[in-house]
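Asks: Just passing along the structure, written as structure tokens.
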Amino acid sequence: SPPGRTLLVAPTHEQVRLVFDRLTELLGECAERLGWFEGARATVSPHPRLEVGGHVVDARSGHVPRHLRGRQADRIVVDEAAFVRDELLNDVLWPMLATTGGSFTLLSTPNGFGPFWDLFRMGREGRGGVWSRAAPSRENPLVRPDFLDGQRAMTTDRAYRTEYEAEF
């Protein structure tokens with residue numbers, strides 16, 4: 001995509017740091033194929049930031065929504081979106097896309113029936129230009145079937161269906 005600002009957000013600093021670290025790891029693995037990776041600059045303090053080929057990726061915690069106000073973004077990715085405060089999604093992040101017409105990607109395990117559920121349902125119903133997909137853990141080649149069998153035996157049916165089957 002054209003150069004722009006991407007904001008990675010997660011409920012906590014620790015969690016957004018995991019996403020940022022994985023992003024930089026993946027880019028490092030692909031560096032030879034990505035000519036623009038030359039000259040990339042990554043900083044981790046006070047907040048993780050990657051600058052590469054005109055792209056800027058900032059990683060921030062959504063723990064205190066007001067700390068993110070006033071920003072603008074071309075792309076926003078929220079990890080564990082069902083676990084962030086409703087006000088973060090509705091009052092802080094959406095407005096960041098107002099002047100850019102940018103994209104909003106929400107990733108999460110289900111957690112109740114808040115804004116994440118509403119958007120997921122909109123995508124399922126084909127409304128509002130929203131696209132949704134549930135991805136059960138069994139589709140992930142890194143998750144062993146025997147692990148899932150063990151979890152099914154150790155957790156409640158509801159907990160298993162939420163965490164591993166991606167069911168609301």
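Residue names in the structure tokens use chain letters A, B, ... in the order shown, residue numbers from 1 in each chain, and ligand numbers from 1 in the order shown.
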Run DSSP on the backbone and grab whatever in chain A lands in alpha helix (DSSP H); send it over as a VMD selection string.
Replies: chain A and resid 13 to 29 86 to 87 94 to 96 115 to 124 145 to 154 157 to 163
Asks: Write out as a PyMOL selection string the set of residues from range 33-143 of chain A that DSSP, computed on the backbone, places in strand (DSSP E or B).
Replies: chain A and resi 41-43+49-52+55-61+75-79+103-107
Asks: Let's have the selection written as a compact mmCIF listing (two decimals), in the first residue's frame, with C-alpha atoms.
Replies:
# COMPACT_ATOMS: atom_id res chain seq x y z
CA ARG A 41 14.49 2.26 11.73
CA ALA A 42 12.82 0.62 14.70
CA THR A 43 12.63 2.06 18.19
CA ARG A 49 7.81 2.60 16.23
CA LEU A 50 8.95 1.35 12.84
CA GLU A 51 9.80 3.68 9.98
CA VAL A 52 10.44 2.09 6.60
CA HIS A 55 5.61 3.96 6.19
CA VAL A 56 5.33 4.68 9.90
CA VAL A 57 4.01 2.01 12.25
CA ASP A 58 3.31 3.05 15.83
CA ALA A 59 2.36 0.51 18.50
CA ARG A 60 0.40 1.80 21.46
CA SER A 61 -1.56 0.47 24.39
CA ARG A 75 -4.60 2.03 8.90
CA ILE A 76 -5.49 0.87 12.38
CA VAL A 77 -5.05 -2.70 13.61
CA VAL A 78 -6.48 -3.60 17.03
CA ASP A 79 -5.42 -6.91 18.54
CA SER A 103 -8.89 0.92 7.04
CA PHE A 104 -9.74 -0.55 10.43
CA THR A 105 -8.83 -4.16 11.23
CA LEU A 106 -10.08 -5.75 14.45
CA LEU A 107 -8.67 -9.09 15.58
Asks: Could you jot down the CA of Met96 in chain A to CA of Leu7 in chain A separation for me, Å, one decimal place?
Replies: 9.8 Å
Asks: Neighbouring residues of Asn90 in chain A were defined as those with any atom within 12 Å, considering only C-alpha atoms; residues of the same chain fewer than 4 positions away were excluded. Please report them as a list in words.
Replies: Pro65, Arg69, Ala81, Val84, Arg85, Asp86, Trp94, Pro95, Met96, Leu97, Phe104, Gly114, Pro115, Phe116, Asp118 and Leu119 of chain A
Asks: Quick check, in Å to one decimal: how far apart do CA of Leu68 in chain A and CA of Ala135 in chain A lie?
Replies: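 Separation of CA of Leu68 in chain A and CA of Ala135 in chain A: 29.2 Å.
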Asks: For CA of Met122 in chain A and CA of Arg161 in chain A, determine how far apart the two atoms are, in Å to one decimal place.
Replies: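 Distance between the two atoms: 21.1 Å.
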Asks: Do a neighbour search on Asn111 in chain A at 8 Å with only C-alpha atoms, toss out local chain neighbours closer than 6 positions, and write the hits as a short mmCIF file (atom, residue, chain, number, x, y, z; two decimals) with all heavy atoms, in the first residue's frame.
Replies:
data_model
loop_
_atom_site.label_atom_id
_atom_site.label_comp_id
_atom_site.auth_asym_id
_atom_site.auth_seq_id
_atom_site.Cartn_x
_atom_site.Cartn_y
_atom_site.Cartn_z
N ALA A 82 -11.99 -7.20 21.27
CA ALA A 82 -13.14 -7.40 22.16
C ALA A 82 -12.79 -7.09 23.61
O ALA A 82 -13.69 -6.99 24.45
CB ALA A 82 -13.67 -8.82 22.04
N PHE A 83 -11.51 -6.90 23.91
CA PHE A 83 -11.08 -6.67 25.27
C PHE A 83 -10.65 -5.23 25.54
O PHE A 83 -10.22 -4.91 26.63
CB PHE A 83 -9.94 -7.63 25.63
CG PHE A 83 -10.37 -9.06 25.62
CD1 PHE A 83 -10.34 -9.80 24.45
CD2 PHE A 83 -10.86 -9.66 26.78
CE1 PHE A 83 -10.76 -11.12 24.43
CE2 PHE A 83 -11.29 -10.98 26.76
CZ PHE A 83 -11.24 -11.71 25.59
N THR A 162 -15.39 -20.48 23.07
CA THR A 162 -15.00 -19.07 22.91
C THR A 162 -13.55 -18.96 22.49
O THR A 162 -13.21 -18.31 21.50
CB THR A 162 -15.22 -18.30 24.23
OG1 THR A 162 -16.61 -18.37 24.58
CG2 THR A 162 -14.80 -16.85 24.09
N PHE A 168 -19.00 -16.65 19.64
CA PHE A 168 -19.54 -15.69 20.61
C PHE A 168 -20.52 -16.40 21.50
O PHE A 168 -21.14 -17.35 21.14
CB PHE A 168 -20.24 -14.54 19.88
CG PHE A 168 -19.28 -13.56 19.28
CD1 PHE A 168 -18.83 -13.73 17.98
CD2 PHE A 168 -18.82 -12.48 20.00
CE1 PHE A 168 -17.95 -12.83 17.42
CE2 PHE A 168 -17.94 -11.57 19.45
CZ PHE A 168 -17.50 -11.74 18.15
#
